Structure formats: C-alpha cells, structure tokens
file my_file18.cif (mmCIF, C-alpha atoms and all ligand atoms)
data_run
#
loop_
_atom_site.label_atom_id
_atom_site.label_comp_id
_atom_site.auth_asym_id
_atom_site.auth_seq_id
_atom_site.Cartn_x
_atom_site.Cartn_y
_atom_site.Cartn_z
CA MET X 1 2.32 -4.90 18.50
CA GLY X 2 3.12 -1.97 16.26
CA GLN X 3 0.90 0.73 14.86
CA ARG X 4 -2.71 0.13 13.87
CA PRO X 5 -2.91 -0.80 10.14
CA THR X 6 -4.35 1.81 7.79
CA LEU X 7 -5.99 1.68 4.38
CA HIS X 8 -5.81 4.80 2.23
CA ILE X 9 -8.98 4.96 0.16
CA LEU X 10 -11.35 6.89 -2.04
CA TYR X 11 -15.00 6.20 -1.22
CA SER X 12 -15.83 5.87 -4.90
CA CYS X 13 -12.90 3.56 -5.76
CA PRO X 14 -14.00 -0.01 -6.64
CA PHE X 15 -10.51 -1.38 -5.94
CA CYS X 16 -10.70 0.00 -2.40
CA TRP X 17 -14.10 -1.65 -1.87
CA LYS X 18 -12.60 -5.03 -2.80
CA VAL X 19 -10.19 -4.76 0.10
CA ARG X 20 -12.70 -3.19 2.48
CA GLY X 21 -15.06 -6.15 2.11
CA LEU X 22 -12.37 -8.59 3.17
CA ILE X 23 -11.27 -6.35 6.06
CA GLU X 24 -14.88 -6.21 7.29
CA HIS X 25 -15.37 -9.94 6.79
CA LEU X 26 -12.31 -10.68 8.91
CA ASP X 27 -13.30 -7.96 11.39
CA MET X 28 -9.82 -6.44 11.26
CA ASP X 29 -8.94 -3.33 13.19
CA VAL X 30 -7.95 -1.00 10.35
CA ASP X 31 -8.21 2.78 10.12
CA TYR X 32 -9.55 4.05 6.79
CA VAL X 33 -7.81 7.20 5.59
CA PRO X 34 -9.74 9.02 2.85
CA VAL X 35 -7.56 10.83 0.32
CA ASN X 36 -8.35 13.84 -1.83
CA GLY X 37 -9.23 12.45 -5.28
CA MET X 38 -7.60 15.40 -6.99
CA LYS X 39 -4.27 14.76 -5.24
CA ILE X 40 -4.01 10.99 -4.97
CA ARG X 41 -0.42 10.75 -6.16
CA LYS X 42 0.75 13.31 -3.63
CA GLU X 43 -1.27 11.90 -0.76
CA VAL X 44 0.08 8.37 -1.18
CA ALA X 45 3.62 9.41 -2.14
CA PHE X 46 4.76 7.85 1.18
CA ALA X 47 4.24 4.43 -0.45
CA GLY X 48 6.63 5.05 -3.36
CA ASP X 49 5.90 5.45 -7.07
CA TRP X 50 2.58 3.58 -7.17
CA GLY X 51 0.49 6.74 -6.89
CA LYS X 52 -2.90 5.02 -6.51
CA VAL X 53 -5.34 3.84 -3.87
CA PRO X 54 -5.82 1.48 -2.10
CA VAL X 55 -2.60 1.51 -0.06
CA PHE X 56 -2.47 -0.74 2.99
CA THR X 57 0.07 0.05 5.71
CA ASP X 58 0.59 -2.80 8.17
CA GLU X 59 1.47 -2.70 11.86
CA ASN X 60 5.18 -2.58 10.99
CA GLY X 61 4.78 0.37 8.64
CA HIS X 62 5.15 -1.74 5.46
CA HIS X 63 3.07 -0.62 2.50
CA ILE X 64 1.21 -3.08 0.28
CA VAL X 65 -0.51 -1.86 -2.89
CA ASP X 66 -2.73 -3.12 -5.73
CA SER X 67 -6.07 -4.56 -4.69
CA THR X 68 -5.83 -8.19 -5.82
CA PRO X 69 -2.30 -8.83 -4.45
CA LEU X 70 -3.53 -6.99 -1.35
CA LEU X 71 -6.52 -9.34 -0.97
CA ARG X 72 -4.14 -12.29 -1.17
CA HIS X 73 -1.72 -10.64 1.29
CA ILE X 74 -4.42 -9.93 3.87
CA ASP X 75 -5.80 -13.46 3.62
CA ALA X 76 -2.30 -14.96 3.93
CA THR X 77 -1.20 -12.73 6.82
CA TYR X 78 -4.35 -12.31 8.91
CA ASN X 79 -6.39 -15.39 8.01
CA ASP X 80 -3.82 -18.21 7.60
CA GLY X 81 -4.53 -18.18 3.85
CA LYS X 82 -7.87 -19.92 4.46
CA LEU X 83 -9.70 -18.22 1.59
CA ALA X 84 -6.95 -18.91 -0.95
CA ALA X 85 -7.01 -22.56 0.15
CA LEU X 86 -10.74 -22.97 -0.59
CA GLY X 87 -11.38 -25.08 -3.68
CA ASP X 88 -9.44 -25.34 -6.89
CA ALA X 89 -6.56 -22.83 -7.30
CA ALA X 90 -6.64 -22.81 -11.10
CA ARG X 91 -10.39 -22.08 -11.12
CA GLN X 92 -9.83 -19.26 -8.62
CA ASP X 93 -7.02 -17.73 -10.68
CA GLU X 94 -9.00 -17.94 -13.89
CA TRP X 95 -12.05 -16.24 -12.39
CA MET X 96 -10.06 -13.65 -10.46
CA THR X 97 -8.64 -12.57 -13.81
CA TRP X 98 -12.15 -12.62 -15.32
CA VAL X 99 -13.55 -10.47 -12.49
CA ASP X 100 -10.66 -7.99 -12.63
CA THR X 101 -10.86 -7.76 -16.41
CA HIS X 102 -14.61 -7.47 -16.91
CA MET X 103 -16.27 -6.20 -13.74
CA SER X 104 -13.63 -3.50 -13.30
CA LYS X 105 -14.65 -2.08 -16.66
CA ALA X 106 -18.37 -2.10 -15.89
CA THR X 107 -18.35 0.45 -13.06
CA VAL X 108 -17.49 3.52 -15.15
CA PRO X 109 -20.26 2.92 -17.75
CA ILE X 110 -23.02 2.51 -15.15
CA LEU X 111 -21.86 5.50 -13.13
CA TYR X 112 -21.00 7.89 -15.96
CA GLY X 113 -22.30 6.31 -19.19
CA SER X 114 -25.12 8.76 -19.79
CA LEU X 115 -25.41 12.47 -19.21
CA GLY X 116 -27.95 11.98 -16.43
CA SER X 117 -26.05 9.28 -14.58
CA ALA X 118 -22.74 11.16 -14.82
CA LEU X 119 -24.38 14.21 -13.26
CA LYS X 120 -25.89 12.13 -10.44
CA THR X 121 -22.56 10.44 -9.77
CA THR X 122 -20.41 13.56 -9.73
CA THR X 123 -22.90 15.38 -7.51
CA ARG X 124 -22.89 12.48 -5.06
CA ILE X 125 -19.10 12.14 -5.17
CA SER X 126 -18.60 15.82 -4.43
CA LYS X 127 -20.63 15.19 -1.26
CA ILE X 128 -19.06 11.93 -0.04
CA GLU X 129 -15.39 12.24 -0.98
CA LYS X 130 -12.82 14.24 0.91
CA PHE X 131 -12.02 17.40 -1.05
CA GLY X 132 -10.37 20.72 -0.35
CA PHE X 133 -12.54 23.82 -0.82
CA LEU X 134 -11.23 24.55 -4.30
CA SER X 135 -10.84 21.00 -5.51
CA LYS X 136 -14.45 20.22 -4.59
CA ARG X 137 -15.67 22.98 -6.90
CA LEU X 138 -13.16 22.06 -9.58
CA TYR X 139 -14.29 18.44 -9.42
CA ALA X 140 -17.98 19.31 -9.57
CA TRP X 141 -17.34 21.34 -12.75
CA ALA X 142 -14.56 19.42 -14.45
CA GLY X 143 -15.04 15.84 -13.23
CA PHE X 144 -18.37 15.42 -14.92
CA PRO X 145 -17.43 16.37 -18.50
CA ILE X 146 -14.18 14.42 -18.22
CA MET X 147 -15.80 11.23 -16.99
CA TRP X 148 -18.84 11.36 -19.25
CA GLY X 149 -17.57 13.11 -22.33
CA ILE X 150 -14.16 11.55 -22.61
CA ILE X 151 -14.10 8.21 -20.85
CA ALA X 152 -17.52 6.65 -20.26
CA ARG X 153 -19.33 7.52 -23.46
CA LYS X 154 -16.61 5.93 -25.60
CA ARG X 155 -16.62 2.81 -23.47
CA VAL X 156 -20.39 2.35 -23.69
CA LYS X 157 -20.35 2.86 -27.43
CA LYS X 158 -17.52 0.39 -27.90
CA ASP X 159 -19.28 -2.32 -25.86
CA GLY X 160 -22.60 -1.76 -27.62
CA ARG X 161 -24.72 -2.84 -24.63
CA THR X 162 -26.44 -0.52 -22.20
CA PRO X 163 -24.52 -0.28 -18.89
CA LYS X 164 -27.42 -2.12 -17.21
CA LYS X 165 -27.34 -4.97 -19.75
CA LEU X 166 -23.57 -5.23 -19.37
CA TRP X 167 -23.92 -5.59 -15.58
CA HIS X 168 -26.74 -8.11 -15.89
CA ASP X 169 -24.71 -10.21 -18.35
CA LEU X 170 -21.70 -10.14 -16.04
CA LEU X 171 -23.76 -11.10 -13.00
CA SER X 172 -25.36 -13.97 -14.93
CA GLU X 173 -21.99 -15.25 -16.10
CA PHE X 174 -20.46 -14.92 -12.65
CA THR X 175 -23.30 -16.51 -10.66
CA GLY X 176 -23.55 -19.16 -13.40
CA ALA X 177 -20.08 -20.32 -12.30
CA PHE X 178 -21.22 -21.02 -8.72
CA GLU X 179 -22.06 -24.68 -9.49
CA GLY X 180 -25.34 -24.41 -7.56
CA GLN X 181 -23.68 -22.98 -4.44
CA PRO X 182 -24.51 -19.60 -2.83
CA PHE X 183 -20.99 -18.21 -3.44
CA PHE X 184 -18.25 -18.65 -6.01
CA GLY X 185 -16.21 -20.16 -3.16
CA GLY X 186 -18.99 -22.67 -2.35
CA ASP X 187 -20.96 -22.44 0.88
CA GLN X 188 -18.72 -19.53 1.92
CA PRO X 189 -17.09 -16.72 -0.05
CA ASP X 190 -13.50 -16.88 -1.28
CA LEU X 191 -11.18 -14.16 -2.60
CA VAL X 192 -12.90 -14.10 -6.01
CA ASP X 193 -16.21 -13.36 -4.27
CA PHE X 194 -14.62 -10.44 -2.41
CA ALA X 195 -13.12 -9.02 -5.60
CA ALA X 196 -16.46 -9.17 -7.44
CA PHE X 197 -18.35 -7.89 -4.39
CA GLY X 198 -16.07 -4.84 -4.24
CA TYR X 199 -16.86 -3.85 -7.83
CA MET X 200 -20.60 -4.19 -7.27
CA ARG X 201 -20.52 -2.54 -3.87
CA SER X 202 -18.76 0.52 -5.30
CA VAL X 203 -21.99 1.21 -7.22
CA PHE X 204 -24.14 0.89 -4.08
CA PRO X 205 -23.80 4.51 -2.86
CA PHE X 206 -25.23 5.73 -6.17
CA PRO X 207 -28.83 5.72 -7.43
CA GLN X 208 -27.76 3.59 -10.43
CA PHE X 209 -27.55 0.59 -8.07
CA ASP X 210 -31.31 0.31 -8.64
CA GLN X 211 -30.52 -0.99 -12.14
CA LEU X 212 -28.89 -4.05 -10.58
CA ARG X 213 -31.69 -4.87 -8.15
CA ASP X 214 -33.76 -6.88 -10.63
CA HIS X 215 -30.95 -9.37 -11.22
CA GLU X 216 -32.27 -12.04 -8.89
CA ALA X 217 -29.23 -14.35 -8.63
CA GLY X 218 -26.84 -11.38 -8.50
CA MET X 219 -28.76 -9.75 -5.67
CA ALA X 220 -29.09 -13.03 -3.74
CA TRP X 221 -25.31 -13.34 -3.89
CA TYR X 222 -24.75 -9.63 -3.09
CA ASN X 223 -27.02 -9.82 -0.03
CA GLY X 224 -25.37 -13.09 1.00
CA MET X 225 -21.96 -11.36 0.80
CA SER X 226 -23.20 -8.41 2.86
CA GLY X 227 -24.36 -10.92 5.48
CA THR X 228 -20.81 -12.27 5.87
CA LEU X 229 -19.43 -8.89 6.95
CA ARG X 230 -18.92 -8.66 10.69
CA GLY X 231 -21.19 -6.17 12.36
CA ALA X 232 -23.51 -6.51 9.33
N1 LIG X 301 -4.87 -2.12 -10.25
C1 LIG X 301 -5.08 -1.19 -9.16
C2 LIG X 301 -5.88 0.02 -9.63
C3 LIG X 301 -6.00 1.08 -8.58
C4 LIG X 301 -6.56 2.38 -9.16
O1 LIG X 301 -6.57 2.59 -10.39
N2 LIG X 301 -7.03 3.28 -8.28
C5 LIG X 301 -7.52 4.57 -8.74
C6 LIG X 301 -8.73 5.02 -7.95
S1 LIG X 301 -10.16 4.06 -8.33
C7 LIG X 301 -6.43 5.58 -8.52
O2 LIG X 301 -5.89 5.70 -7.45
N3 LIG X 301 -6.08 6.33 -9.58
C8 LIG X 301 -5.12 7.38 -9.47
C9 LIG X 301 -4.30 7.50 -10.72
O3 LIG X 301 -4.32 6.58 -11.55
O4 LIG X 301 -3.63 8.53 -10.83
C10 LIG X 301 -5.78 -1.90 -8.01
O5 LIG X 301 -6.44 -2.93 -8.29
O6 LIG X 301 -5.61 -1.52 -6.85
#
call {"tool": "encode", "arguments": {"input": "my_file18.cif", "output": "structure tokens"}}
result
Amino acid sequence: MGQRPTLHILYSCPFCWKVRGLIEHLDMDVDYVPVNGMKIRKEVAFAGDWGKVPVFTDENGHHIVDSTPLLRHIDATYNDGKLAALGDAARQDEWMTWVDTHMSKATVPILYGSLGSALKTTTRISKIEKFGFLSKRLYAWAGFPIMWGIIARKRVKKDGRTPKKLWHDLLSEFTGAFEGQPFFGGDQPDLVDFAAFGYMRSVFPFPQFDQLRDHEAGMAWYNGMSGTLRGA
C-alpha cells in the first residue's frame, strides 16, 4: 500500500466530472485536490507538460492525465476492466468519440452563451472554485467577458441552435442509442455513460441545469446514473 490516490480538479471542469463519476461509482478512496483555475499549469506542473486537469496520481505516485484514457485506466486497474468489457467494443469506441466530440462542446454554450447565463456562471464559479484573493476578483471581472464575449457567443452563433436546443438534441441522439435499455451500456452503465454523465453533471451546479430538466429520457438516464454512485 502506497499513498492515497489523488485527483487534481476544478469544480467547473466537465472532464474532471467524467472521472469523478466513475470514482464515486466504484467507491474508490481518492482525495480531490482543487486547483486555482487561474494557475492550472503551475499547480499541475508536477505531472509534466500536460498543464490541465484532471490529473490522477495513483498509490505509487504515477500520474495519469486526460479524462477518457483516465476512465479506461481506472476501470482497467481498479475494476478488472469490467466496464470496458461490457457489450460491443466498436460501438463503445464510436460513441465515446461522439460524446467527447459533441457533448464536450455543449457545456460552454449553455453556461456562457448569453450575457445573463455567463454572469450567473461566473458569479457561481467565483464562489465554488478555489481562488487566491486577487485571482478571485480578477476572474469575476475578466472571466465573464472572456468566456461570453470571445468564446461562447461565437460558438452559439456558429451552431445556430439555442444552447438548450443543442443539449436536447444531443440527449435525444444519445438516449436514442440505448436500444431500449436504461443506459448506453445496457442494464448498467459503461464508460460511455460515465463520459456523457460527466459533461451533463458539470452543468448541475448552475441554474442553467433547469433547461435540461424537461428532457424526459435524458433526465431518466441522468437520475439513473446518479443512483449508481455509491453513497448516493
Ligand atoms: N482532453 C482533456 C481536456 C482537459 C481540459 O481541457 N481541462 C481544462 C479545464 S476544464 C484545463 O485544465 N485547461 C487548462 C488549459 O488548457 O490551460 C481531458 O479530457 O481531460
């Protein structure tokens, strides 16, 4: 037995939520280490050049980065690869790519795609994330115009749909691939479910999550996923 594994995270990072869901599902003993969002690169410099969260450090002090490879690593190392072994591997790979390509791009529009939502999100983030005294104020002032004015507005315009419609379309497409089962993985979730769940769960701390609540199949799946977390 070595050290207790750690996961360096940002509370508002969808990629971190992907990994957290699996950790909670497997009831692993992992310490979460919040980083300062204004200094991510510096705070995870111990893991090499990657410069992003999540970073998982195992009991031997090895660092594993990048959320999807990390999901696969955790399943393989701490769960005998049981989730990867569920169902058809090609279908899993295809949909993991779909989830990582499309759902990952839907979180910024819903959180920052309008002036009002960007303000709500940055206010909430300045309360829940770990910040230094100065960086908290800097974020509250600078984070909002950067996220709304530069990144999110362009993305919403390019897609053409409202952020809510985009999410509803994605949830319909995703749950439509369940083949009548409660989860993508069948009667239990697999790694694709945990990836998708992480993206949706990263919206949960924000008031915009209300826009997802009237997607019936999406919410049935989301609540089903929440029910598979230990201690839930
Ligand atoms: N492909 C990576 C993306 C990770 C990522 O972009 N994390 C963001 C936070 S949500 C980050 O750390 N960004 C810091 C940076 O790019 O400087 C994953 O899936 O883990």
call {"tool": "residues_near_ligand", "arguments": {"input": "my_file18.cif", "ligand": "ligand LIG 301 (chain X)", "cutoff": "7 Å", "atoms": "only C-alpha atoms and all ligand atoms", "output": "MDAnalysis selection string"}}
result
chainID X and resid 10 12:16 40:41 51:54 65:68
call {"tool": "closest_residue", "arguments": {"input": "my_file18.cif", "among": "X:Ile125, X:Val30, X:Leu115, X:Lys42", "to": "Tyr78 in chain X", "atoms": "only C-alpha atoms"}}
result
X:Val30
call {"tool": "atom_distance", "arguments": {"input": "my_file18.cif", "atom1": "CA of Arg230 in chain X", "atom2": "CA of His25 in chain X"}}
result
5.4 Å
call {"tool": "closest_residue", "arguments": {"input": "my_file18.cif", "among": "X:Lys158, X:His73, X:Arg91, X:Arg153", "to": "Val19 in chain X", "atoms": "all atoms listed in the file"}}
result
X:His73
call {"tool": "residues_near_point", "arguments": {"input": "my_file18.cif", "point": "(-18.1, -8.1, -15.3)", "cutoff": "8 Å", "atoms": "all atoms listed in the file", "output": "JSON, numbers by chain"}}
result
{"X": [98, 99, 100, 101, 102, 103, 104, 105, 106, 166, 167, 169, 170, 171, 174]}
call {"tool": "residues_near_point", "arguments": {"input": "my_file18.cif", "point": "(-16.1, -15.6, -6.2)", "cutoff": "10 Å", "atoms": "all atoms listed in the file", "output": "PyMOL selection string"}}
result
chain X and resi 91-92+95-96+99+174-175+177-178+182-186+188-197+221
call {"tool": "closest_residue", "arguments": {"input": "my_file18.cif", "among": "X:Gly48, X:Gly81, X:Gly37, X:Pro163", "to": "Phe131 in chain X", "atoms": "all atoms listed in the file"}}
result
X:Gly37
call {"tool": "residues_around", "arguments": {"input": "my_file18.cif", "residues": "Gly2 in chain X", "least_positions_apart": "4", "cutoff": "12 Å", "atoms": "all atoms listed in the file", "output": "short mmCIF file (atom, residue, chain, number, x, y, z; two decimals) with C-alpha atoms, in the coordinates of the input"}}
result
data_model
loop_
_atom_site.label_atom_id
_atom_site.label_comp_id
_atom_site.auth_asym_id
_atom_site.auth_seq_id
_atom_site.Cartn_x
_atom_site.Cartn_y
_atom_site.Cartn_z
CA THR X 6 -4.35 1.81 7.79
CA THR X 57 0.07 0.05 5.71
CA ASP X 58 0.59 -2.80 8.17
CA GLU X 59 1.47 -2.70 11.86
CA ASN X 60 5.18 -2.58 10.99
CA GLY X 61 4.78 0.37 8.64
CA HIS X 62 5.15 -1.74 5.46
#
call {"tool": "decode", "arguments": {"input": "my_file18.cif", "residues": "range 139-172 of chain X", "atoms": "N, CA and C atoms", "output": "short mmCIF file (atom, residue, chain, number, x, y, z; two decimals), in the first residue's frame"}}
result
data_model
loop_
_atom_site.label_atom_id
_atom_site.label_comp_id
_atom_site.auth_asym_id
_atom_site.auth_seq_id
_atom_site.Cartn_x
_atom_site.Cartn_y
_atom_site.Cartn_z
N TYR X 139 -10.86 37.05 -11.78
CA TYR X 139 -11.75 36.14 -12.51
C TYR X 139 -13.15 36.73 -12.64
N ALA X 140 -13.65 37.26 -11.52
CA ALA X 140 -15.02 37.79 -11.53
C ALA X 140 -15.15 38.91 -12.57
N TRP X 141 -14.08 39.68 -12.76
CA TRP X 141 -14.13 40.78 -13.73
C TRP X 141 -13.77 40.35 -15.14
N ALA X 142 -12.72 39.53 -15.24
CA ALA X 142 -12.19 39.22 -16.58
C ALA X 142 -12.75 37.93 -17.16
N GLY X 143 -13.12 36.98 -16.29
CA GLY X 143 -13.57 35.67 -16.78
C GLY X 143 -14.84 35.79 -17.60
N PHE X 144 -15.73 36.65 -17.12
CA PHE X 144 -17.03 36.77 -17.77
C PHE X 144 -16.95 37.33 -19.20
N PRO X 145 -16.29 38.48 -19.41
CA PRO X 145 -16.21 38.94 -20.81
C PRO X 145 -15.41 38.01 -21.70
N ILE X 146 -14.44 37.31 -21.14
CA ILE X 146 -13.65 36.39 -21.99
C ILE X 146 -14.52 35.23 -22.43
N MET X 147 -15.21 34.62 -21.46
CA MET X 147 -15.99 33.43 -21.79
C MET X 147 -17.18 33.78 -22.68
N TRP X 148 -17.88 34.86 -22.34
CA TRP X 148 -19.07 35.19 -23.14
C TRP X 148 -18.67 35.86 -24.45
N GLY X 149 -17.91 36.93 -24.31
CA GLY X 149 -17.64 37.77 -25.48
C GLY X 149 -16.78 37.11 -26.52
N ILE X 150 -15.83 36.30 -26.08
CA ILE X 150 -14.87 35.77 -27.05
C ILE X 150 -15.20 34.34 -27.46
N ILE X 151 -15.51 33.50 -26.47
CA ILE X 151 -15.61 32.08 -26.78
C ILE X 151 -17.05 31.64 -27.06
N ALA X 152 -17.94 31.84 -26.07
CA ALA X 152 -19.27 31.22 -26.15
C ALA X 152 -20.15 31.81 -27.23
N ARG X 153 -20.14 33.12 -27.36
CA ARG X 153 -21.05 33.76 -28.31
C ARG X 153 -20.78 33.27 -29.73
N LYS X 154 -19.51 33.17 -30.06
CA LYS X 154 -19.12 32.69 -31.40
C LYS X 154 -19.62 31.27 -31.63
N ARG X 155 -19.46 30.45 -30.58
CA ARG X 155 -19.83 29.04 -30.71
C ARG X 155 -21.34 28.88 -30.92
N VAL X 156 -22.12 29.66 -30.18
CA VAL X 156 -23.58 29.57 -30.30
C VAL X 156 -24.01 30.01 -31.69
N LYS X 157 -23.40 31.09 -32.15
CA LYS X 157 -23.74 31.63 -33.47
C LYS X 157 -23.42 30.61 -34.57
N LYS X 158 -22.26 29.99 -34.43
CA LYS X 158 -21.81 29.03 -35.44
C LYS X 158 -22.75 27.82 -35.49
N ASP X 159 -23.20 27.35 -34.33
CA ASP X 159 -24.08 26.17 -34.30
C ASP X 159 -25.48 26.52 -34.80
N GLY X 160 -25.93 27.72 -34.48
CA GLY X 160 -27.25 28.16 -34.96
C GLY X 160 -28.40 27.79 -34.04
N ARG X 161 -28.23 26.79 -33.19
CA ARG X 161 -29.29 26.40 -32.26
C ARG X 161 -29.11 27.12 -30.93
N THR X 162 -30.20 27.24 -30.17
CA THR X 162 -30.02 27.77 -28.81
C THR X 162 -29.25 26.70 -28.02
N PRO X 163 -28.54 27.11 -26.97
CA PRO X 163 -27.81 26.12 -26.16
C PRO X 163 -28.74 25.04 -25.60
N LYS X 164 -29.97 25.43 -25.28
CA LYS X 164 -30.94 24.44 -24.76
C LYS X 164 -31.29 23.42 -25.85
N LYS X 165 -31.57 23.91 -27.06
CA LYS X 165 -31.93 23.02 -28.17
C LYS X 165 -30.77 22.07 -28.48
N LEU X 166 -29.57 22.62 -28.46
CA LEU X 166 -28.38 21.79 -28.71
C LEU X 166 -28.32 20.64 -27.70
N TRP X 167 -28.49 20.95 -26.42
CA TRP X 167 -28.46 19.92 -25.38
C TRP X 167 -29.57 18.90 -25.57
N HIS X 168 -30.77 19.40 -25.87
CA HIS X 168 -31.90 18.48 -26.05
C HIS X 168 -31.67 17.55 -27.24
N ASP X 169 -31.12 18.10 -28.33
CA ASP X 169 -30.81 17.25 -29.49
C ASP X 169 -29.78 16.18 -29.13
N LEU X 170 -28.76 16.60 -28.40
CA LEU X 170 -27.70 15.64 -28.03
C LEU X 170 -28.26 14.55 -27.12
N LEU X 171 -29.08 14.95 -26.15
CA LEU X 171 -29.66 13.95 -25.24
C LEU X 171 -30.57 12.99 -25.99
N SER X 172 -31.31 13.51 -26.98
CA SER X 172 -32.19 12.63 -27.76
C SER X 172 -31.36 11.64 -28.57
#
